[in-house]
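Next comes input.txt, a file with compact mmCIF, C-alpha atoms (C1' of nucleotides).
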```
# COMPACT_ATOMS: atom_id res chain seq x y z
CA MET A 40 36.53 -24.62 -12.45
CA ARG A 41 33.41 -25.32 -14.41
CA PRO A 42 30.50 -22.98 -13.66
CA MET A 43 27.46 -24.63 -12.17
CA GLU A 44 25.25 -23.26 -14.97
CA LEU A 45 21.95 -22.48 -13.40
CA LYS A 46 19.02 -24.29 -14.90
CA PRO A 47 16.29 -22.02 -16.24
CA ILE A 48 13.89 -22.25 -13.29
CA ALA A 49 16.59 -21.75 -10.71
CA GLU A 50 17.89 -18.82 -12.70
CA ARG A 51 14.51 -17.18 -12.75
CA PHE A 52 14.14 -17.70 -9.02
CA VAL A 53 17.53 -16.21 -8.27
CA LEU A 54 17.06 -13.22 -10.55
CA HIS A 55 13.60 -12.48 -9.20
CA TRP A 56 14.91 -12.69 -5.67
CA GLY A 57 17.65 -10.24 -6.51
CA GLU A 58 15.08 -7.90 -7.97
CA MET A 59 12.91 -8.13 -4.87
CA GLY A 60 15.91 -7.51 -2.68
CA SER A 61 16.66 -4.23 -4.33
CA ARG A 62 13.09 -3.09 -3.87
CA TRP A 63 13.43 -3.68 -0.16
CA GLY A 64 16.77 -2.02 0.26
CA VAL A 65 18.90 -5.15 -0.02
CA ASN A 66 21.80 -5.22 -2.44
CA ARG A 67 20.85 -7.24 -5.49
CA THR A 68 23.94 -9.44 -5.42
CA VAL A 69 23.48 -10.14 -1.73
CA ALA A 70 19.94 -11.31 -2.39
CA GLN A 71 21.05 -13.40 -5.35
CA VAL A 72 23.78 -15.12 -3.39
CA HIS A 73 21.33 -15.99 -0.68
CA ALA A 74 18.73 -17.25 -3.12
CA LEU A 75 21.33 -19.41 -4.81
CA LEU A 76 22.49 -20.99 -1.58
CA TYR A 77 18.90 -21.57 -0.58
CA LEU A 78 18.02 -23.28 -3.83
CA ALA A 79 21.22 -25.25 -4.03
CA GLY A 80 20.48 -26.83 -0.68
CA ARG A 81 24.14 -27.67 -0.19
CA PRO A 82 27.25 -25.74 0.80
CA MET A 83 28.96 -23.91 -2.03
CA ASP A 84 32.34 -22.19 -2.12
CA ALA A 85 32.80 -18.58 -3.14
CA GLU A 86 34.36 -19.48 -6.46
CA GLU A 87 31.43 -21.62 -7.47
CA ILE A 88 28.97 -18.91 -6.46
CA THR A 89 30.98 -16.39 -8.46
CA GLU A 90 30.89 -18.44 -11.62
CA THR A 91 27.30 -19.51 -11.26
CA LEU A 92 26.06 -15.98 -10.83
CA GLY A 93 28.54 -14.43 -13.24
CA VAL A 94 29.58 -11.64 -10.90
CA ALA A 95 32.95 -10.56 -9.60
CA ARG A 96 34.64 -12.64 -6.97
CA SER A 97 35.06 -9.59 -4.73
CA ASN A 98 31.38 -8.92 -4.94
CA VAL A 99 30.60 -12.40 -3.71
CA SER A 100 33.06 -12.05 -0.86
CA THR A 101 31.37 -8.85 0.31
CA SER A 102 27.91 -10.30 -0.05
CA LEU A 103 28.80 -13.40 1.93
CA LYS A 104 30.20 -11.29 4.72
CA GLU A 105 27.01 -9.28 4.83
CA LEU A 106 24.84 -12.40 4.86
CA GLN A 107 26.94 -13.82 7.66
CA SER A 108 26.57 -10.63 9.66
CA TRP A 109 22.82 -11.13 9.41
CA SER A 110 23.19 -14.78 10.50
CA LEU A 111 21.57 -15.88 7.25
CA VAL A 112 24.63 -17.72 6.02
CA ARG A 113 27.29 -19.66 7.86
CA VAL A 114 30.66 -21.09 6.95
CA VAL A 115 31.12 -24.83 6.85
CA HIS A 116 34.18 -26.85 6.05
CA LEU A 117 34.03 -29.94 3.93
CA LYS A 118 36.55 -32.65 4.58
CA GLY A 119 39.36 -32.68 2.12
CA GLU A 120 38.45 -29.17 0.93
CA ARG A 121 40.56 -26.14 1.65
CA ARG A 122 38.04 -23.57 0.59
CA ASP A 123 35.42 -22.15 2.89
CA HIS A 124 31.97 -23.32 1.98
CA PHE A 125 28.77 -21.44 2.70
CA GLU A 126 25.29 -22.62 3.44
CA THR A 127 21.96 -21.22 4.52
CA SER A 128 18.93 -22.71 6.20
CA ALA A 129 16.35 -24.52 4.08
CA ASP A 130 13.65 -23.52 6.57
CA VAL A 131 11.76 -20.54 5.19
CA TRP A 132 10.24 -19.65 8.53
CA GLU A 133 13.63 -19.64 10.20
CA LEU A 134 15.02 -17.43 7.47
CA PHE A 135 12.11 -15.06 7.85
CA LYS A 136 12.68 -14.81 11.58
CA LEU A 137 16.34 -14.01 11.06
CA ILE A 138 15.50 -11.32 8.54
CA VAL A 139 12.90 -9.73 10.78
CA ALA A 140 15.24 -9.83 13.76
CA GLY A 141 17.98 -8.22 11.73
CA ARG A 142 15.89 -5.42 10.33
CA ARG A 143 14.43 -4.75 13.70
CA GLN A 144 17.80 -4.41 15.26
CA ARG A 145 19.29 -2.32 12.49
CA GLU A 146 16.32 -0.09 11.68
CA ILE A 147 13.32 -0.30 13.97
CA ASP A 148 15.12 -0.06 17.28
CA PRO A 149 17.20 2.96 16.24
CA THR A 150 14.02 4.65 15.05
CA ALA A 151 12.33 4.06 18.37
CA THR A 152 15.39 5.47 20.07
CA ALA A 153 15.33 8.54 17.88
CA LEU A 154 11.66 9.14 18.67
CA ARG A 155 12.28 8.77 22.37
CA GLU A 156 15.07 11.30 22.12
CA CYS A 157 12.74 13.68 20.30
CA LEU A 158 10.20 13.40 23.07
CA ALA A 159 12.81 13.73 25.80
CA ASN A 160 14.34 16.81 24.21
CA PRO A 161 13.30 20.06 25.94
CA ALA A 162 12.86 21.59 22.47
CA ILE A 163 9.71 19.49 22.15
CA ALA A 164 7.99 22.30 24.04
CA ASP A 165 8.39 24.53 20.99
CA GLU A 166 6.38 22.15 18.83
CA GLU A 167 2.63 22.21 18.56
CA ALA A 168 0.74 19.87 20.86
CA GLY A 169 -0.60 17.93 17.89
CA THR A 170 2.87 17.34 16.56
CA ARG A 171 4.04 16.03 19.87
CA GLN A 172 1.00 13.79 20.06
CA ARG A 173 1.71 12.31 16.64
CA ILE A 174 5.31 11.59 17.53
CA GLU A 175 4.08 9.83 20.66
CA ASP A 176 1.56 7.86 18.61
CA THR A 177 4.27 6.79 16.23
CA LEU A 178 6.54 5.64 19.02
CA LYS A 179 3.72 3.76 20.67
CA PHE A 180 2.90 2.08 17.39
CA ILE A 181 6.48 0.98 16.89
CA GLU A 182 6.64 -0.39 20.41
CA ILE A 183 3.42 -2.32 19.94
CA MET A 184 4.50 -3.74 16.61
CA SER A 185 7.86 -4.73 18.04
CA SER A 186 6.42 -6.72 20.87
CA LEU A 187 3.83 -8.12 18.52
CA ALA A 188 6.62 -9.30 16.26
CA ASP A 189 8.44 -10.84 19.21
CA GLU A 190 5.32 -12.72 20.11
CA MET A 191 4.55 -13.86 16.60
CA LEU A 192 8.03 -15.08 15.89
CA ARG A 193 7.69 -17.54 18.72
CA TYR A 194 5.04 -19.47 16.85
CA LYS A 195 5.11 -21.36 13.61
CA PRO A 196 3.01 -19.56 11.03
CA GLU A 197 0.43 -22.34 10.96
CA THR A 198 -0.19 -21.88 14.66
CA LEU A 199 -0.56 -18.19 14.15
CA MET A 200 -3.13 -18.78 11.46
CA LYS A 201 -5.17 -20.90 13.77
CA THR A 202 -4.94 -18.45 16.64
CA LEU A 203 -6.12 -15.65 14.44
CA GLY A 204 -8.79 -17.76 12.85
CA VAL A 205 -7.75 -17.47 9.26
CA SER A 206 -10.57 -18.55 7.02
CA ALA A 207 -11.12 -22.26 6.69
CA ARG A 208 -10.83 -22.19 2.93
CA ILE A 209 -7.29 -20.92 3.00
CA SER A 210 -6.20 -23.05 5.91
CA GLN A 211 -7.46 -26.11 4.13
CA ALA A 212 -5.78 -25.19 0.90
CA ILE A 213 -2.54 -24.98 2.79
CA ARG A 214 -3.05 -28.11 4.82
CA ARG A 215 -3.81 -30.09 1.70
CA LYS A 216 -0.33 -29.45 0.38
CA GLU A 217 1.42 -30.73 3.48
CA MET B 295 5.94 32.77 0.07
CA ARG B 296 7.58 32.42 3.40
CA PRO B 297 9.04 28.96 4.14
CA MET B 298 7.47 27.16 7.06
CA GLU B 299 10.88 26.66 8.73
CA LEU B 300 10.76 23.33 10.42
CA LYS B 301 11.36 23.44 14.12
CA PRO B 302 14.28 21.28 15.31
CA ILE B 303 12.29 18.28 16.53
CA ALA B 304 10.09 18.16 13.47
CA GLU B 305 13.17 18.43 11.30
CA ARG B 306 14.81 15.53 13.02
CA PHE B 307 11.67 13.44 12.61
CA VAL B 308 11.38 14.25 8.93
CA LEU B 309 15.04 13.61 8.19
CA HIS B 310 15.05 10.35 10.09
CA TRP B 311 11.95 9.24 8.26
CA GLY B 312 13.59 10.01 4.95
CA GLU B 313 16.60 7.98 5.99
CA MET B 314 14.44 5.04 7.01
CA GLY B 315 12.56 5.24 3.74
CA SER B 316 15.69 4.81 1.72
CA ARG B 317 16.66 1.76 3.73
CA TRP B 318 13.35 0.17 2.81
CA GLY B 319 13.43 1.05 -0.85
CA VAL B 320 11.41 4.24 -0.64
CA ASN B 321 12.72 7.40 -2.19
CA ARG B 322 14.03 9.72 0.48
CA THR B 323 12.10 12.76 -0.68
CA VAL B 324 8.90 10.75 -0.90
CA ALA B 325 9.34 9.64 2.68
CA GLN B 326 10.16 13.16 3.81
CA VAL B 327 7.11 14.64 2.16
CA HIS B 328 4.93 12.09 3.84
CA ALA B 329 6.54 12.62 7.22
CA LEU B 330 6.07 16.35 6.88
CA LEU B 331 2.39 16.08 6.04
CA TYR B 332 1.93 13.67 8.88
CA LEU B 333 3.58 15.93 11.42
CA ALA B 334 1.95 19.09 10.12
CA GLY B 335 -1.46 17.59 10.71
CA ARG B 336 -3.02 19.98 8.24
CA PRO B 337 -3.18 20.23 4.45
CA MET B 338 -0.18 21.85 2.81
CA ASP B 339 0.29 22.98 -0.77
CA ALA B 340 3.19 21.88 -2.92
CA GLU B 341 4.93 25.22 -2.74
CA GLU B 342 4.95 25.20 1.04
CA ILE B 343 6.26 21.64 1.11
CA THR B 344 8.97 22.59 -1.36
CA GLU B 345 10.20 25.49 0.73
CA THR B 346 9.92 23.70 4.03
CA LEU B 347 11.96 20.74 2.83
CA GLY B 348 14.30 22.76 0.64
CA VAL B 349 13.96 20.52 -2.39
CA ALA B 350 12.96 21.23 -5.97
CA ARG B 351 9.36 21.89 -6.76
CA SER B 352 9.36 19.18 -9.43
CA ASN B 353 10.63 16.71 -6.92
CA VAL B 354 7.74 17.44 -4.60
CA SER B 355 5.28 17.09 -7.45
CA THR B 356 6.62 13.65 -8.31
CA SER B 357 6.68 12.56 -4.69
CA LEU B 358 3.11 13.67 -4.12
CA LYS B 359 1.94 11.76 -7.15
CA GLU B 360 3.66 8.66 -5.87
CA LEU B 361 2.17 9.05 -2.40
CA GLN B 362 -1.25 9.47 -3.95
CA SER B 363 -0.83 6.35 -6.02
CA TRP B 364 -0.23 4.52 -2.75
CA SER B 365 -3.34 6.14 -1.24
CA LEU B 366 -1.20 7.63 1.49
CA VAL B 367 -1.91 11.21 0.52
CA ARG B 368 -4.99 12.84 -0.93
CA VAL B 369 -5.74 16.19 -2.47
CA VAL B 370 -8.01 18.58 -0.65
CA HIS B 371 -9.17 22.01 -1.64
CA LEU B 372 -9.39 24.83 0.83
CA LYS B 373 -12.00 27.47 0.23
CA GLY B 374 -10.59 30.60 -1.24
CA GLU B 375 -7.41 28.78 -2.25
CA ARG B 376 -6.56 27.94 -5.82
CA ARG B 377 -3.69 25.65 -5.10
CA ASP B 378 -4.11 21.97 -4.48
CA HIS B 379 -3.48 21.07 -0.90
CA PHE B 380 -2.34 17.68 0.31
CA GLU B 381 -2.99 15.79 3.49
CA THR B 382 -2.37 12.38 4.98
CA SER B 383 -4.03 10.44 7.73
CA ALA B 384 -3.01 11.08 11.31
CA ASP B 385 -3.87 7.48 12.19
CA VAL B 386 -0.64 5.48 12.30
CA TRP B 387 -2.42 2.16 12.09
CA GLU B 388 -4.33 3.24 9.03
CA LEU B 389 -1.12 4.41 7.40
CA PHE B 390 0.54 1.11 8.20
CA LYS B 391 -2.31 -0.80 6.64
CA LEU B 392 -2.09 1.25 3.46
CA ILE B 393 1.64 0.70 3.24
CA VAL B 394 1.32 -3.03 3.75
CA ALA B 395 -1.48 -3.28 1.22
CA GLY B 396 0.57 -1.35 -1.32
CA ARG B 397 3.72 -3.37 -0.92
CA ARG B 398 1.79 -6.55 -1.04
CA GLN B 399 0.16 -5.60 -4.28
CA ARG B 400 3.31 -4.27 -5.89
CA GLU B 401 5.82 -6.84 -4.65
CA ILE B 402 4.47 -9.84 -2.80
CA ASP B 403 1.70 -10.79 -5.20
CA PRO B 404 3.96 -10.63 -8.27
CA THR B 405 6.49 -12.79 -6.46
CA ALA B 406 3.85 -15.40 -5.68
CA THR B 407 2.82 -15.30 -9.33
CA ALA B 408 6.40 -15.79 -10.44
CA LEU B 409 6.82 -18.77 -8.15
CA ARG B 410 3.59 -20.33 -9.41
CA GLU B 411 4.83 -19.91 -12.94
CA CYS B 412 8.09 -21.59 -12.02
CA LEU B 413 6.23 -24.56 -10.62
CA ALA B 414 3.84 -24.72 -13.57
CA ASN B 415 6.66 -24.60 -16.09
CA PRO B 416 7.49 -28.03 -17.59
CA ALA B 417 11.16 -27.16 -17.20
CA ILE B 418 10.73 -27.72 -13.47
CA ALA B 419 11.24 -31.39 -14.23
CA ASP B 420 14.89 -30.65 -15.02
CA GLU B 421 15.50 -29.30 -11.53
CA GLU B 422 16.41 -31.42 -8.59
CA ALA B 423 13.57 -32.60 -6.39
CA GLY B 424 14.94 -30.63 -3.46
CA THR B 425 14.99 -27.44 -5.47
CA ARG B 426 11.42 -27.89 -6.49
CA GLN B 427 10.47 -28.58 -2.90
CA ARG B 428 12.10 -25.40 -1.69
CA ILE B 429 10.31 -23.33 -4.32
CA GLU B 430 7.05 -24.88 -3.18
CA ASP B 431 7.89 -24.14 0.43
CA THR B 432 8.62 -20.56 -0.44
CA LEU B 433 5.35 -20.14 -2.26
CA LYS B 434 3.44 -21.73 0.56
CA PHE B 435 5.11 -19.43 3.02
CA ILE B 436 4.20 -16.37 1.01
CA GLU B 437 0.62 -17.52 0.75
CA ILE B 438 0.39 -18.11 4.47
CA MET B 439 1.93 -14.79 5.32
CA SER B 440 -0.38 -13.02 2.91
CA SER B 441 -3.53 -14.40 4.42
CA LEU B 442 -2.07 -13.83 7.85
CA ALA B 443 -1.53 -10.20 6.95
CA ASP B 444 -5.08 -9.92 5.63
CA GLU B 445 -6.35 -11.28 8.89
CA MET B 446 -4.16 -9.10 11.08
CA LEU B 447 -4.98 -5.92 9.25
CA ARG B 448 -8.62 -6.36 10.16
CA TYR B 449 -7.83 -5.83 13.83
CA LYS B 450 -6.45 -2.88 15.69
CA PRO B 451 -2.99 -3.69 16.99
CA GLU B 452 -4.17 -3.64 20.59
CA THR B 453 -6.67 -6.39 19.83
CA LEU B 454 -3.96 -8.39 18.16
CA MET B 455 -1.77 -8.08 21.20
CA LYS B 456 -4.51 -9.42 23.40
CA THR B 457 -5.28 -12.29 21.05
CA LEU B 458 -1.67 -13.30 20.98
CA GLY B 459 -1.25 -12.84 24.69
CA VAL B 460 1.51 -10.30 24.74
CA SER B 461 3.00 -10.06 28.18
CA ALA B 462 1.02 -8.12 30.75
CA ARG B 463 3.91 -5.83 31.50
CA ILE B 464 4.05 -4.46 27.99
CA SER B 465 0.30 -4.30 27.54
CA GLN B 466 -0.01 -2.34 30.72
CA ALA B 467 2.75 0.01 29.81
CA ILE B 468 0.91 0.74 26.62
CA ARG B 469 -2.51 1.03 28.16
CA ARG B 470 -1.24 3.50 30.73
CA LYS B 471 -0.38 5.97 28.01
CA GLU B 472 -3.85 5.94 26.51
C1' DC C 133 60.54 -20.52 4.46
C1' DT C 134 58.86 -20.59 -0.09
C1' DT C 135 55.24 -21.46 -3.00
C1' DT C 136 50.64 -22.05 -3.85
C1' DT C 137 45.95 -21.22 -2.89
C1' DA C 138 42.30 -18.65 -0.84
C1' DT C 139 40.20 -14.41 0.86
C1' DT C 140 39.64 -9.60 1.67
C1' DT C 141 40.37 -4.85 0.86
C1' DC C 142 41.11 -1.14 -2.14
C1' DT C 143 40.51 1.78 -6.23
C1' DG C 144 38.54 3.29 -10.25
C1' DT C 145 34.60 2.56 -13.45
C1' DT C 146 29.99 1.81 -14.59
C1' DT C 147 25.32 1.95 -13.68
C1' DT C 148 21.52 3.55 -11.42
C1' DT C 149 18.88 6.69 -9.01
C1' DA C 150 17.74 11.15 -7.37
C1' DC C 151 17.29 15.55 -8.34
C1' DA C 152 17.14 20.60 -10.07
C1' DG C 153 15.79 23.78 -13.37
C1' DA C 154 13.54 24.75 -17.57
C1' DA C 155 9.95 24.07 -20.60
C1' DA C 156 5.41 22.64 -21.45
C1' DA C 157 0.81 21.80 -20.36
C1' DG C 158 -3.10 22.63 -17.86
C1' DT C 159 -6.37 25.47 -15.10
C1' DC C 160 -8.72 29.24 -13.33
C1' DT C 161 -10.36 34.16 -13.43
C1' DG C 162 -12.11 38.12 -15.02
C1' DC D 15 -10.08 34.22 -24.58
C1' DA D 16 -6.19 36.80 -22.44
C1' DG D 17 -3.41 36.68 -18.76
C1' DA D 18 -1.88 34.93 -14.54
C1' DC D 19 -1.20 31.14 -11.80
C1' DT D 20 -0.38 26.20 -10.96
C1' DT D 21 1.14 21.69 -11.92
C1' DT D 22 3.45 18.21 -14.58
C1' DT D 23 6.79 16.49 -17.72
C1' DC D 24 11.19 16.62 -19.75
C1' DT D 25 16.21 16.86 -19.90
C1' DG D 26 20.66 17.19 -18.26
C1' DT D 27 23.47 16.94 -14.01
C1' DA D 28 24.92 15.36 -9.68
C1' DA D 29 25.11 12.03 -6.17
C1' DA D 30 25.03 7.44 -4.67
C1' DA D 31 25.38 2.70 -5.13
C1' DA D 32 26.99 -1.35 -7.24
C1' DC D 33 30.46 -3.53 -9.23
C1' DA D 34 34.91 -5.46 -11.54
C1' DG D 35 39.62 -6.11 -11.43
C1' DA D 36 43.90 -5.49 -9.18
C1' DA D 37 46.55 -5.44 -5.24
C1' DA D 38 47.30 -6.85 -0.70
C1' DT D 39 46.77 -9.91 2.98
C1' DA D 40 46.18 -14.25 5.05
C1' DA D 41 46.32 -19.19 5.37
C1' DA D 42 47.94 -23.71 4.17
C1' DA D 43 51.17 -27.09 2.11
C1' DG D 44 55.26 -28.95 1.06
```
Can you give me the file's structure in the form of C-alpha cells?
Amino acid sequence: MRPMELKPIAERFVLHWGEMGSRWGVNRTVAQVHALLYLAGRPMDAEEITETLGVARSNVSTSLKELQSWSLVRVVHLKGERRDHFETSADVWELFKLIVAGRRQREIDPTATALRECLANPAIADEEAGTRQRIEDTLKFIEIMSSLADEMLRYKPETLMKTLGVSARISQAIRRKE
Amino acid sequence: MRPMELKPIAERFVLHWGEMGSRWGVNRTVAQVHALLYLAGRPMDAEEITETLGVARSNVSTSLKELQSWSLVRVVHLKGERRDHFETSADVWELFKLIVAGRRQREIDPTATALRECLANPAIADEEAGTRQRIEDTLKFIEIMSSLADEMLRYKPETLMKTLGVSARISQAIRRKE
DNA sequence: CTTTTATTTCTGTTTTTACAGAAAAGTCTG
DNA sequence: CAGACTTTTCTGTAAAAACAGAAATAAAAG
C-alpha cells in the first residue's frame, strides 16, 4: 500500500502532539496516532497509520489498543473492507472530557484513596500534627478539584467562560471566530 | 549527619507522590523532594533531604534547582547555619497555581504558538479544509482553556465551587471539615 | 479445511532518562 | 589567603521505556 505521506503542516501538528504527549506522560506514538486520526477526520486502518507515521506495525497496534481503552478511539467497519478502521472524535471539547475522565480514574482517584488510607492508618498517630494536617489538606484539595472538574465538564467551555466572567476582550476575540 | 528516617505514613506519601509525578512527566526524585519538603513543613538542607530519601546528593541538587526554577521551592537561610535550606509552601492551592502556571508557560503557550504558525504558514493551503478547521478548533480550545485557567486561578477553589453551584452535599461535606 | 489476510503478542534491541559517584567550582571563616 | 565546608557540574552506568521485527494467533474467504 502507498503511504499517505503527511503534508508538511499535518506532519508538524502530529510531531508536536507526540512531543507534548511525552511531556505529560503519554507515549509519543500513542499521541501521534491520535493526532493523526484527529487531523485525518476519517477512519484509517492500522496499516495506513503505520506507513503514514513510519513506525512499526506492532507499535500502532499497541497504541490503538491503549487509545481504545481510554475511549478516545473506536473501531469502525467500512463496507467492502476487511480491515478494522479507527476513528476519533473531531470535537475537541469531547476529547478533552474523555482525557480528563481517564486521568482522573487512573491517577487522581487512586491518589485520593491512598491519602484516605494514610489518614485511616493507626500509624498516623506517630506523625506530627502538622504533617497529618497537610495530608488532610491535600486530600481535601483533591476532593474539591474532582467535584469541580465534574461540574465543569458538564458545561461547554464557552458557558464556563461566561459563568466565570472571563474578560470581554477575550470572549469577543473568541466569539468573532465562530 | 543522622538521616531523618521517614515515618511510615510520610514515606508512603512521598513515594506515592514520586510515582504520580512520573505519570505526569515529572522526574520521580523531583516529585519526592517536593513532597518531602511539603510534609516536613520546615526548611531542610540538601544533605538531610539526601539521607532521608536515600538518593544521591547530586540528584537532590539537580531536583532542587528544578523545583526552584518552577518557583515551587525557595532557599532560606537559618541563623547560625551555613548550609542552604529549602522550603516550599504549605498552601496546596498556592502550589497548584504555581504548577499550572509553570506548565502553561512551558507547554501550553508553545503549543498555541506552534498552532498559530501552522495556520499562518502558506503551506496550509495544501491541506484539506477540514484539517485546517480542526487545527483552528484546537487553537481556539487552547486559548479558551488558557483564559479560563487565568480566571479560575484568581479564586480560591471554594469560591469556584460556589460560583459553579457544586452540589450542596459535597460543599457541606467540605465545609464541615474546616 | 486450506490459504490468505489481518491482528496481537512476544522477544530482543535501541534509545532515552535517571541516577550515582567523582571532580570541579564556589563560598565562608578565621 | 589557607583550609574547611558546601554546592554544582560532569561523566559513566544502570534502569526504564519505547520500539522494530518475528512469531503466533485469530479471522475470513474460497
Expected answer as an mmCIF file with C-alpha atoms (C1' of nucleotides), in the coordinates of the input: chain C residues within 8 Å of chain A, only C-alpha atoms (C1' of nucleotides):
```cif
data_model
loop_
_atom_site.group_PDB
_atom_site.id
_atom_site.type_symbol
_atom_site.label_atom_id
_atom_site.label_comp_id
_atom_site.auth_asym_id
_atom_site.auth_seq_id
_atom_site.Cartn_x
_atom_site.Cartn_y
_atom_site.Cartn_z
ATOM 1 C "C1'" DA C 138 42.300 -18.650 -0.840
ATOM 2 C "C1'" DT C 139 40.200 -14.410 0.860
ATOM 3 C "C1'" DT C 140 39.640 -9.600 1.670
#
```
Checklist entry - Counting all atoms listed in the file, what is within 12 Å of DA150 in chain C, bar same-chain residues fewer than 5 positions away, as a ChimeraX atom specification? => result /B:316,320-324,349-350,352-353,356-357 /D:27-31
Checklist entry - Expressed in Å to a single decimal, how great is the separation between CA of Ala168 in chain A and CA of Leu331 in chain B? => result 15.4 Å
Give me the chain A side of the contact with chain B, cut-off 6 Å, one line per residue showing its nearest atom pair and distance in Å at one decimal, counting only C-alpha atoms, sorted by chain and residue number, as JSON lines.
```
{"residue": "A:Ile48", "atom": "CA", "partner": "B:Cys412", "partner_atom": "CA", "distance": 6.0}
{"residue": "A:Arg62", "atom": "CA", "partner": "B:Gly319", "partner_atom": "CA", "distance": 5.1}
{"residue": "A:Trp63", "atom": "CA", "partner": "B:Gly319", "partner_atom": "CA", "distance": 4.8}
{"residue": "A:Gly64", "atom": "CA", "partner": "B:Gly319", "partner_atom": "CA", "distance": 4.7}
{"residue": "A:Leu78", "atom": "CA", "partner": "B:Thr425", "partner_atom": "CA", "distance": 5.4}
{"residue": "A:Cys157", "atom": "CA", "partner": "B:Ile303", "partner_atom": "CA", "distance": 6.0}
{"residue": "A:Thr170", "atom": "CA", "partner": "B:Leu333", "partner_atom": "CA", "distance": 5.4}
```
Item to check | Nearest residue to chain A from the set D:DG35, D:DG44, D:DG17, D:DG26 (distances using only C-alpha atoms (C1' of nucleotides)) | outcome: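 Among the listed residues, the smallest separation from chain A belongs to D:DG35.
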Checklist entry - Distance C1' of DG158 in chain C-CA of Gln326 in chain B, one decimal place? => result 27.1 Å
Item to check | Which of A:Lys118, A:Arg81, A:Gln107, A:Gly93 sits closest to chain D [using only C-alpha atoms (C1' of nucleotides)] | outcome: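 Under the stated criterion, the closest residue is A:Gly93.
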Next on the checklist: Between C1' of DA157 in chain C and CA of Leu366 in chain B, what is the distance in Å, rounded to a tenth?
Outcome noted: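 About the pair C1' of DA157 in chain C and CA of Leu366 in chain B: they are 26.1 Å apart.
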